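Shown here: query04.cif, mmCIF, C-alpha atoms.
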```
data_start
loop_
_atom_site.label_atom_id
_atom_site.label_comp_id
_atom_site.auth_asym_id
_atom_site.auth_seq_id
_atom_site.Cartn_x
_atom_site.Cartn_y
_atom_site.Cartn_z
CA MET A 246 12.99 -6.60 -24.84
CA GLN A 247 12.99 -6.09 -28.61
CA LEU A 248 11.25 -8.81 -30.61
CA ALA A 249 11.59 -9.31 -34.33
CA PRO A 250 8.29 -8.37 -36.01
CA GLN A 251 7.73 -11.93 -37.25
CA SER A 252 8.25 -13.43 -33.79
CA ALA A 253 6.14 -10.72 -32.17
CA ALA A 254 3.32 -11.25 -34.67
CA ALA A 255 3.22 -14.98 -33.95
CA MET A 256 3.21 -14.43 -30.19
CA ILE A 257 0.48 -11.79 -30.41
CA GLN A 258 -1.75 -13.89 -32.62
CA GLY A 259 -1.55 -16.78 -30.17
CA LEU A 260 -2.74 -14.52 -27.35
CA LEU A 261 -5.47 -12.79 -29.35
CA GLN A 262 -6.94 -15.61 -31.45
CA PRO A 263 -9.27 -17.11 -28.79
CA TRP A 264 -10.77 -13.68 -28.05
CA GLN A 265 -11.16 -12.70 -31.70
CA GLN A 266 -12.76 -16.04 -32.56
CA SER A 267 -15.24 -15.72 -29.70
CA LEU A 268 -16.37 -12.32 -30.96
CA LYS A 269 -17.28 -13.77 -34.36
CA ASP A 270 -19.61 -16.43 -32.93
CA PRO A 271 -20.15 -15.99 -29.18
CA ALA A 272 -22.93 -18.54 -28.62
CA PRO A 273 -20.96 -21.83 -28.83
CA ILE A 274 -17.98 -20.31 -27.03
CA GLN A 275 -20.20 -19.13 -24.18
CA GLU A 276 -21.73 -22.61 -23.90
CA GLU A 277 -18.26 -24.15 -23.69
CA VAL A 278 -17.13 -21.59 -21.10
CA LEU A 279 -20.19 -22.32 -18.96
CA ARG A 280 -19.63 -26.08 -19.15
CA ASN A 281 -16.10 -25.64 -17.84
CA LEU A 282 -17.21 -23.27 -15.09
CA VAL A 283 -19.98 -25.58 -13.91
CA GLN A 284 -17.52 -28.47 -13.65
CA GLN A 285 -15.41 -26.27 -11.39
CA TYR A 286 -18.38 -25.13 -9.30
CA ALA A 287 -19.38 -28.77 -8.75
CA GLN A 288 -16.20 -29.21 -6.70
CA THR A 289 -17.28 -26.56 -4.16
CA GLU A 290 -19.85 -26.48 -1.37
CA TYR A 291 -21.55 -23.51 -3.02
CA GLY A 292 -21.88 -25.45 -6.25
CA ALA A 293 -23.16 -28.52 -4.42
CA ARG A 294 -25.85 -26.44 -2.75
CA TYR A 295 -27.24 -25.52 -6.16
CA ALA A 296 -26.72 -28.96 -7.74
CA ALA A 297 -23.99 -27.95 -10.18
CA SER A 298 -23.42 -31.61 -11.06
CA ARG A 299 -26.94 -31.75 -12.53
CA VAL A 300 -26.56 -28.67 -14.75
CA GLY A 301 -26.80 -29.80 -18.36
CA SER A 302 -27.76 -26.57 -20.10
CA ILE A 303 -27.80 -22.83 -19.75
CA GLU A 304 -31.47 -23.08 -18.76
CA ASP A 305 -30.56 -25.50 -15.93
CA TYR A 306 -27.87 -23.12 -14.76
CA ARG A 307 -30.23 -20.17 -14.63
CA ARG A 308 -32.90 -22.22 -12.89
CA GLN A 309 -30.62 -23.70 -10.24
CA PHE A 310 -28.11 -20.94 -9.48
CA PRO A 311 -29.39 -17.60 -8.15
CA VAL A 312 -28.10 -14.22 -9.25
CA ALA A 313 -26.05 -13.04 -6.27
CA SER A 314 -24.46 -9.81 -5.04
CA TYR A 315 -21.27 -9.39 -3.05
CA GLN A 316 -23.29 -9.33 0.14
CA ASP A 317 -24.78 -12.70 -0.81
CA PHE A 318 -21.30 -14.13 -1.37
CA ARG A 319 -19.77 -12.46 1.66
CA PRO A 320 -20.50 -15.28 4.18
CA TRP A 321 -18.92 -17.76 1.76
CA ILE A 322 -15.86 -15.53 1.29
CA GLU A 323 -15.53 -15.22 5.08
CA ARG A 324 -15.53 -19.01 5.31
CA VAL A 325 -12.67 -19.11 2.78
CA MET A 326 -10.80 -16.58 4.92
CA ALA A 327 -11.33 -18.88 7.91
CA GLY A 328 -9.63 -21.69 6.01
CA GLU A 329 -12.67 -23.45 4.55
CA LEU A 330 -11.41 -23.09 0.99
CA GLN A 331 -13.79 -25.60 -0.55
CA ALA A 332 -16.78 -23.51 0.51
CA LEU A 333 -16.29 -21.40 -2.63
CA LEU A 334 -13.00 -22.46 -4.27
CA TRP A 335 -12.10 -25.60 -6.20
CA GLU A 336 -8.37 -24.80 -6.09
CA PRO A 337 -6.22 -23.02 -3.47
CA ALA A 338 -6.27 -19.26 -3.08
CA ILE A 339 -2.93 -17.68 -3.97
CA GLY A 340 -3.81 -14.11 -3.04
CA TRP A 341 -6.59 -11.57 -2.57
CA ALA A 342 -7.68 -8.49 -4.48
CA ILE A 343 -9.39 -5.57 -2.75
CA THR A 344 -11.53 -2.81 -4.17
CA ARG A 345 -10.68 0.88 -4.07
CA GLY A 346 -14.38 1.67 -3.67
CA THR A 347 -16.62 0.54 -0.86
CA THR A 348 -19.46 -1.85 -0.27
CA GLN A 349 -21.48 -0.45 2.63
CA GLY A 350 -18.38 1.46 3.74
CA GLU A 351 -15.90 -1.43 3.45
CA SER A 352 -13.54 -2.71 0.76
CA LYS A 353 -14.55 -5.93 -0.95
CA PHE A 354 -12.11 -8.84 -0.66
CA ILE A 355 -12.03 -11.21 -3.64
CA PRO A 356 -9.91 -14.39 -3.51
CA MET A 357 -7.66 -15.16 -6.47
CA THR A 358 -6.60 -18.59 -7.70
CA SER A 359 -4.07 -19.78 -10.29
CA THR A 360 -6.79 -20.13 -12.94
CA ASP A 361 -8.16 -16.70 -12.14
CA MET A 362 -4.68 -15.17 -12.28
CA ARG A 363 -3.95 -16.61 -15.72
CA MET A 364 -7.14 -15.00 -17.00
CA ARG A 365 -6.00 -11.58 -15.80
CA VAL A 366 -3.33 -11.59 -18.52
CA SER A 367 -6.19 -10.63 -20.86
CA ALA A 368 -5.64 -7.08 -19.61
CA GLY A 369 -2.88 -6.91 -22.25
CA ARG A 370 -5.19 -7.68 -25.17
CA ALA A 371 -6.01 -4.04 -25.96
CA MET A 372 -2.34 -3.15 -26.34
CA LEU A 373 -1.50 -6.32 -28.28
CA ASN A 374 -4.42 -5.87 -30.66
CA TYR A 375 -3.28 -2.29 -31.32
CA VAL A 376 0.21 -3.52 -32.23
CA ALA A 377 -1.18 -6.30 -34.44
CA SER A 378 -3.51 -3.98 -36.34
CA SER A 379 -1.12 -1.02 -36.66
CA GLY A 380 2.12 -2.92 -37.21
CA CYS A 381 3.81 -0.71 -34.60
CA PHE A 382 6.08 -3.42 -33.22
CA ASP A 383 8.52 -0.72 -32.11
CA LEU A 384 6.18 -0.20 -29.16
CA PHE A 385 7.95 -3.20 -27.57
CA ALA A 386 11.28 -1.35 -27.77
CA GLY A 387 9.97 1.13 -25.20
CA VAL A 388 8.56 0.87 -21.70
CA ASN A 389 5.14 0.99 -20.11
CA LEU A 390 4.72 3.93 -17.75
CA ASN A 391 3.14 2.14 -14.80
CA LEU A 392 0.72 4.34 -12.86
CA ASN A 393 -1.17 1.58 -11.07
CA PHE A 394 -2.13 1.05 -7.46
CA PRO A 395 0.01 -1.27 -5.29
CA SER A 396 -0.39 -4.98 -5.93
CA VAL A 397 0.53 -5.71 -2.32
CA VAL A 398 -0.96 -3.72 0.53
CA GLY A 399 -0.79 -6.23 3.35
CA THR A 400 -1.40 -9.82 4.30
CA ILE A 401 -4.48 -11.67 5.44
CA LYS A 402 -4.61 -14.93 7.36
CA VAL A 403 -6.43 -17.69 5.49
CA GLY A 404 -6.63 -20.64 7.82
CA GLU A 405 -3.02 -21.18 8.86
CA ARG A 406 -1.54 -19.37 5.83
CA GLU A 407 -0.65 -15.71 5.33
CA LEU A 408 -1.59 -14.47 1.84
CA GLU A 409 -0.94 -11.09 0.29
CA TYR A 410 -3.73 -8.74 -0.76
CA GLY A 411 -3.63 -5.69 -2.98
CA TYR A 412 -5.40 -3.67 -5.65
CA SER A 413 -6.45 -5.39 -8.84
CA SER A 414 -4.91 -2.78 -11.17
CA GLY A 415 -1.47 -3.46 -9.72
CA ILE A 416 -2.04 -7.21 -9.77
CA TYR A 417 -3.06 -7.03 -13.45
CA THR A 418 0.11 -5.12 -14.30
CA LYS A 419 2.41 -7.49 -12.43
CA TYR A 420 1.11 -10.53 -14.27
CA VAL A 421 0.62 -8.91 -17.68
CA SER A 422 4.20 -7.63 -17.58
CA ALA A 423 5.43 -11.16 -16.99
CA GLN A 424 3.55 -12.46 -20.04
CA THR A 425 3.98 -9.69 -22.63
CA PRO A 426 7.19 -8.33 -24.23
CA ILE A 427 7.22 -4.83 -22.73
CA ARG A 428 8.86 -3.72 -19.51
CA SER A 429 6.93 -1.69 -16.94
CA LEU A 430 8.53 1.23 -15.09
CA PRO A 431 8.29 1.61 -12.21
CA ALA A 432 8.23 -2.16 -11.72
CA GLN A 433 5.21 -3.16 -9.69
CA GLU A 434 7.51 -4.27 -6.86
CA GLN A 435 8.93 -0.72 -6.68
CA ILE A 436 5.43 0.72 -6.37
CA ASP A 437 4.57 -1.86 -3.73
CA ALA A 438 7.65 -0.85 -1.71
CA LEU A 439 6.20 2.65 -1.24
CA GLY A 440 3.26 1.22 0.68
CA GLY A 441 -0.46 1.03 0.15
CA GLY A 442 -1.48 4.54 1.24
CA LYS A 443 -4.04 6.55 -0.74
CA THR A 444 -3.27 10.11 0.42
CA ILE A 445 -2.06 12.91 -1.86
CA GLU A 446 1.42 12.51 -0.38
CA ASP A 447 1.42 8.78 -1.16
CA TRP A 448 0.53 9.47 -4.78
CA ASN A 449 3.07 12.25 -5.06
CA ARG A 450 5.77 9.78 -4.02
CA ARG A 451 4.58 7.32 -6.67
CA PHE A 452 4.47 10.05 -9.30
CA ASP A 453 7.99 11.23 -8.39
CA LEU A 454 9.25 7.65 -8.65
CA ALA A 455 7.62 7.23 -12.07
CA TYR A 456 9.11 10.51 -13.32
CA GLU A 457 12.63 9.76 -12.07
CA LEU A 458 12.68 6.26 -13.55
CA CYS A 459 11.06 7.17 -16.87
CA LYS A 460 12.31 10.67 -17.68
CA GLY A 461 15.13 9.35 -19.85
CA GLN A 462 13.23 6.35 -21.21
CA ASN A 463 11.29 5.72 -24.40
CA VAL A 464 7.76 5.56 -22.96
CA THR A 465 5.62 4.04 -25.70
CA LEU A 466 2.72 2.88 -23.52
CA VAL A 467 0.85 4.27 -20.51
CA GLY A 468 -1.32 1.82 -18.59
CA GLY A 469 -3.48 2.07 -15.52
CA VAL A 470 -6.45 3.88 -14.04
CA CYS A 471 -7.69 6.76 -16.18
CA PRO A 472 -8.10 9.44 -13.46
CA THR A 473 -4.64 8.55 -12.12
CA ALA A 474 -3.09 9.04 -15.57
CA ILE A 475 -4.69 12.47 -15.76
CA ARG A 476 -3.55 13.42 -12.25
CA PHE A 477 -0.02 12.30 -13.11
CA GLY A 478 0.08 14.58 -16.15
CA GLN A 479 -1.21 17.50 -14.11
CA TYR A 480 1.34 16.76 -11.37
CA LEU A 481 4.23 16.80 -13.87
CA ARG A 482 3.11 20.20 -15.10
CA ARG A 483 2.92 21.65 -11.58
CA ARG A 484 6.15 20.13 -10.21
CA TYR A 485 8.41 19.74 -13.25
CA LYS A 486 6.90 22.32 -15.65
CA ALA A 487 6.43 19.75 -18.39
CA TYR A 488 3.58 17.73 -19.82
CA PRO A 489 4.03 14.02 -20.55
CA LYS A 490 3.86 14.84 -24.28
CA ASP A 491 6.93 17.07 -23.84
CA LEU A 492 8.92 14.16 -22.39
CA TRP A 493 7.78 11.15 -24.42
CA LYS A 494 6.39 10.11 -27.81
CA THR A 495 3.79 7.79 -26.34
CA GLN A 496 1.90 5.67 -28.88
CA ILE A 497 -1.02 4.36 -26.81
CA VAL A 498 -2.72 4.65 -23.43
CA THR A 499 -4.64 1.60 -22.14
CA LEU A 500 -6.81 2.76 -19.27
CA GLY A 501 -9.75 1.61 -17.20
CA SER A 502 -11.76 2.19 -14.02
CA VAL A 503 -14.27 4.84 -15.18
CA PRO A 504 -16.90 5.21 -17.93
CA GLY A 505 -16.31 7.68 -20.74
CA ILE A 506 -12.57 7.18 -21.28
CA ASN A 507 -12.94 7.63 -25.06
CA THR A 508 -15.40 10.48 -24.79
CA ARG A 509 -15.53 12.47 -21.56
CA TYR A 510 -11.85 11.98 -20.65
CA ALA A 511 -10.37 11.96 -24.15
CA PRO A 512 -9.74 15.75 -24.43
CA ALA A 513 -7.74 15.80 -21.19
CA LEU A 514 -5.75 12.72 -22.19
CA LYS A 515 -4.90 14.19 -25.60
CA ALA A 516 -3.92 17.53 -24.03
CA LEU A 517 -1.55 15.81 -21.60
CA TYR A 518 -0.16 12.91 -23.64
CA GLY A 519 -0.43 14.18 -27.22
CA ARG A 520 -1.79 12.32 -30.23
CA VAL A 521 -2.02 8.94 -28.58
CA ALA A 522 -4.31 6.04 -29.38
CA ILE A 523 -6.78 5.60 -26.52
CA ARG A 524 -7.83 2.06 -25.69
CA GLU A 525 -10.31 1.32 -22.92
CA ILE A 526 -10.06 -1.68 -20.62
CA TYR A 527 -13.21 -2.84 -18.85
CA GLY A 528 -12.48 -4.79 -15.72
CA ALA A 529 -13.03 -4.91 -12.00
CA THR A 530 -11.56 -6.51 -8.93
CA GLU A 531 -13.45 -9.67 -9.86
CA GLY A 532 -11.94 -10.03 -13.33
CA MET A 533 -10.99 -8.51 -16.68
CA PHE A 534 -14.20 -8.59 -18.71
CA GLY A 535 -13.41 -6.80 -21.96
CA GLN A 536 -11.21 -4.34 -23.80
CA GLN A 537 -11.32 -2.05 -26.78
CA LEU A 538 -10.97 -3.92 -30.06
CA ASP A 539 -10.19 -1.08 -32.47
CA GLU A 540 -10.76 2.64 -32.95
CA LYS A 541 -14.47 2.34 -32.24
CA ARG A 542 -15.02 3.85 -28.83
CA ALA A 543 -16.35 0.85 -26.92
CA TRP A 544 -15.09 -2.48 -25.58
CA ALA A 545 -15.63 -6.04 -26.73
CA PRO A 546 -16.26 -8.82 -24.16
CA ASN A 547 -13.91 -11.65 -23.26
CA TYR A 548 -16.47 -14.25 -24.30
CA ASP A 549 -13.77 -16.92 -24.23
CA LEU A 550 -13.08 -16.42 -20.51
CA PHE A 551 -16.32 -15.56 -18.69
CA PHE A 552 -20.01 -16.37 -19.01
CA PHE A 553 -22.02 -13.16 -19.39
CA GLU A 554 -25.67 -12.36 -18.71
CA VAL A 555 -27.56 -9.11 -18.37
CA ALA A 556 -30.61 -8.29 -16.25
CA THR A 557 -32.78 -6.19 -18.59
CA ARG A 558 -36.32 -4.88 -18.34
CA ARG A 559 -37.41 -7.91 -20.36
CA GLY A 560 -35.66 -10.37 -18.06
CA VAL A 561 -32.22 -11.94 -17.98
CA LYS A 562 -30.49 -12.31 -21.35
CA LYS A 563 -27.16 -13.55 -22.56
CA LEU A 564 -24.91 -10.59 -23.23
CA HIS A 565 -24.52 -11.43 -26.92
CA GLU A 566 -28.34 -11.49 -27.32
CA MET A 567 -28.72 -7.81 -26.45
CA ARG A 568 -29.97 -5.45 -29.15
CA PRO A 569 -28.26 -2.11 -29.92
CA GLY A 570 -29.56 0.52 -27.52
CA GLU A 571 -30.63 -2.02 -24.89
CA MET A 572 -29.17 -1.74 -21.39
CA GLY A 573 -29.13 -3.73 -18.18
CA GLY A 574 -27.17 -4.89 -15.15
CA LEU A 575 -24.20 -7.10 -15.93
CA ILE A 576 -24.06 -10.60 -14.41
CA VAL A 577 -20.73 -12.42 -14.72
CA SER A 578 -19.78 -16.00 -13.95
CA THR A 579 -16.08 -16.26 -13.07
CA PRO A 580 -13.98 -19.23 -11.89
CA ILE A 581 -14.83 -18.11 -8.35
CA LEU A 582 -18.22 -16.37 -8.44
CA PRO A 583 -21.25 -17.95 -10.19
CA ARG A 584 -23.84 -15.48 -11.54
CA TYR A 585 -22.34 -12.46 -9.80
CA ARG A 586 -24.25 -9.22 -10.33
CA ILE A 587 -21.37 -6.83 -10.40
CA GLY A 588 -23.39 -3.62 -10.10
CA ASP A 589 -22.52 -2.07 -13.49
CA LEU A 590 -25.02 -0.86 -16.08
CA ILE A 591 -24.14 -2.01 -19.60
CA LEU A 592 -25.26 -0.43 -22.88
CA ALA A 593 -25.26 -2.55 -26.05
CA LEU A 594 -24.06 -0.92 -29.27
CA ASP A 595 -23.54 -2.59 -32.65
CA PRO A 596 -22.16 -6.12 -32.07
CA PRO A 597 -19.69 -6.86 -30.57
CA TYR A 598 -19.41 -3.47 -28.89
CA PHE A 599 -20.60 -2.43 -25.42
CA ARG A 600 -20.12 0.37 -22.95
CA CYS A 601 -20.30 0.38 -19.19
CA ILE A 602 -22.14 3.63 -18.55
CA GLY A 603 -21.90 3.58 -14.74
CA ARG A 604 -23.26 1.90 -11.68
CA GLU A 605 -26.77 0.47 -11.46
CA LYS A 606 -28.56 3.61 -10.28
CA TRP A 607 -31.75 5.15 -11.62
CA TRP A 608 -29.95 8.34 -12.64
CA THR A 609 -27.10 6.64 -14.53
CA PRO A 610 -28.79 6.71 -17.98
CA LEU A 611 -29.58 10.40 -17.52
CA HIS A 612 -26.00 11.15 -16.47
CA TYR A 613 -24.66 9.20 -19.45
CA ALA A 614 -26.97 11.03 -21.88
CA TRP A 615 -25.89 14.39 -20.47
CA ASN A 616 -22.18 13.54 -20.78
CA GLU A 617 -22.69 12.36 -24.36
CA PHE A 618 -24.46 15.62 -25.19
CA MET A 619 -21.82 17.81 -23.53
CA SER A 620 -18.98 15.98 -25.31
CA PHE A 621 -20.84 16.04 -28.69
CA ASN A 622 -20.72 12.24 -28.99
CA PHE A 623 -24.43 11.41 -28.90
CA GLY A 624 -23.80 7.70 -28.36
CA GLU A 625 -21.77 7.29 -31.54
CA LEU A 626 -19.06 4.68 -31.84
#
```
Have the structure of the file written as structure tokens, please.
Amino acid sequence: MQLAPQSAAAMIQGLLQPWQQSLKDPAPIQEEVLRNLVQQYAQTEYGARYAASRVGSIEDYRRQFPVASYQDFRPWIERVMAGELQALLWEPAIGWAITRGTTQGESKFIPMTSTDMRMRVSAGRAMLNYVASSGCFDLFAGVNLNLNFPSVVGTIKVGERELEYGYSSGIYTKYVSAQTPIRSLPAQEQIDALGGGKTIEDWNRRFDLAYELCKGQNVTLVGGVCPTAIRFGQYLRRRYKAYPKDLWKTQIVTLGSVPGINTRYAPALKALYGRVAIREIYGATEGMFGQQLDEKRAWAPNYDLFFFEVATRRGVKKLHEMRPGEMGGLIVSTPILPRYRIGDLILALDPPYFRCIGREKWWTPLHYAWNEFMSFNFGEL
């Protein structure tokens, strides 16, 4: 739908203001976020085990709640699947997100609740902030080329209920589209109808659907997983003898899933989609943790939604306490998972900017340094 610039500006500001304010002064916002989370944890068996009701400070929280991996949470998640919702949840599960990757050879299953789902709308902040800063309200007159994974792959029995599960990128798109004034094509329901397969043939069917629905449309935005956006552009060239830039005047791509979107992947994106603004989204199956704020090639955390810590060589720090050049393993506290070590290695740049440089492996810093050298970026914003 087309919004008048004045109406659009007011709507955008309402969605962005809590995030922007938290970036200016993270400390009090993070304390408030943690207080709210701890009150929620106190209503669960997991929270009771670690005396959430007696947490009165960040120091108490760190002392009482352990840093935990998915494998640590897995028995609790399996209890939720068996119908014991209060083991880990303080409100009912409304669905499940699964990972595309593997944990010891298996997909991770993460329950989603109403509170958690509302927070996933933050995936639209990168696009909205671009519109607010550029004044390009005509972006809303176009459509979002939706290249995401299915939001529904199957159902899982939780106690006596059957709940849907799917990939987080598709789930993000479904709920962001419902809350922001731009239409997605294909609609997430149309992608879901093609099934949850991951073969080349499955993706070719999705790409053909996207091309057929969007070829005559004004595609102003491309959102999704970065490697998928690149594969789509390459597929169009092979099958239809045209690049995306030949078909559409796209303004911005908002992409996630891999490190180096603004550096390593930028040349391919520009070659396929033209002179687009590139905005990185940093999220995972467990939540949407940050997005690019401006033209600086890094993301800024959602301090107003999650509580962030980092395991560094000097011990565990709050994310906003990190110094430029310092790195460590990210620990997030979400409405569902307290002190969850997600497995990503985070590099601090000038506040409030960060990069995820890869998984927590010994070779990740070396791989990052090599990619920065080969792309002539040298760690610059």
Å distance separating atom CA of A:Thr360 from atom CA of A:Val388, one decimal place: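 Rounded to one decimal, the two atoms are 27.4 Å apart.
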Picked residues, the PyMOL selection byres ((chain A and resi 522-530) around 7), as a list in words: Ala342, Ile343, Thr344, Ala371, Ser413, Gln496, Ile497, Val498, Thr499, Leu500, Gly501, Ile506, Asn507, Arg520, Val521, Glu531, Gly532, Met533, Phe534, Gly535, Gln536, Gln537 and Trp544 of chain A
Point-to-point distance from atom CA of A:Val283 to atom CA of A:Ile339, Å rounded to tenths: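 Computed distance, atom CA of A:Val283 to atom CA of A:Ile339, equals 21.3 Å.
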Atom pair atom CA of A:Val325 / atom CA of A:Asp589: separation (Å): 25.5 Å
Counting all atoms listed in the file, the option among A:Val555, A:Thr465, A:Thr473, A:Asp549 closest to A:Cys381: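 Comparing A:Val555, A:Thr465, A:Thr473, A:Asp549 against A:Cys381, the winner is A:Thr465.
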Close residues, A:Gln316 itself excluded, 12 Å, only C-alpha atoms, min 2 positions apart in chain, as a PyMOL selection string: chain A and resi 312-314+318-323+347-349+351-354+585-588
Pick from A:Gly574, A:Pro337, A:Gly505, A:Pro356 nearest to A:Leu626, counting all atoms listed in the file: A:Gly505
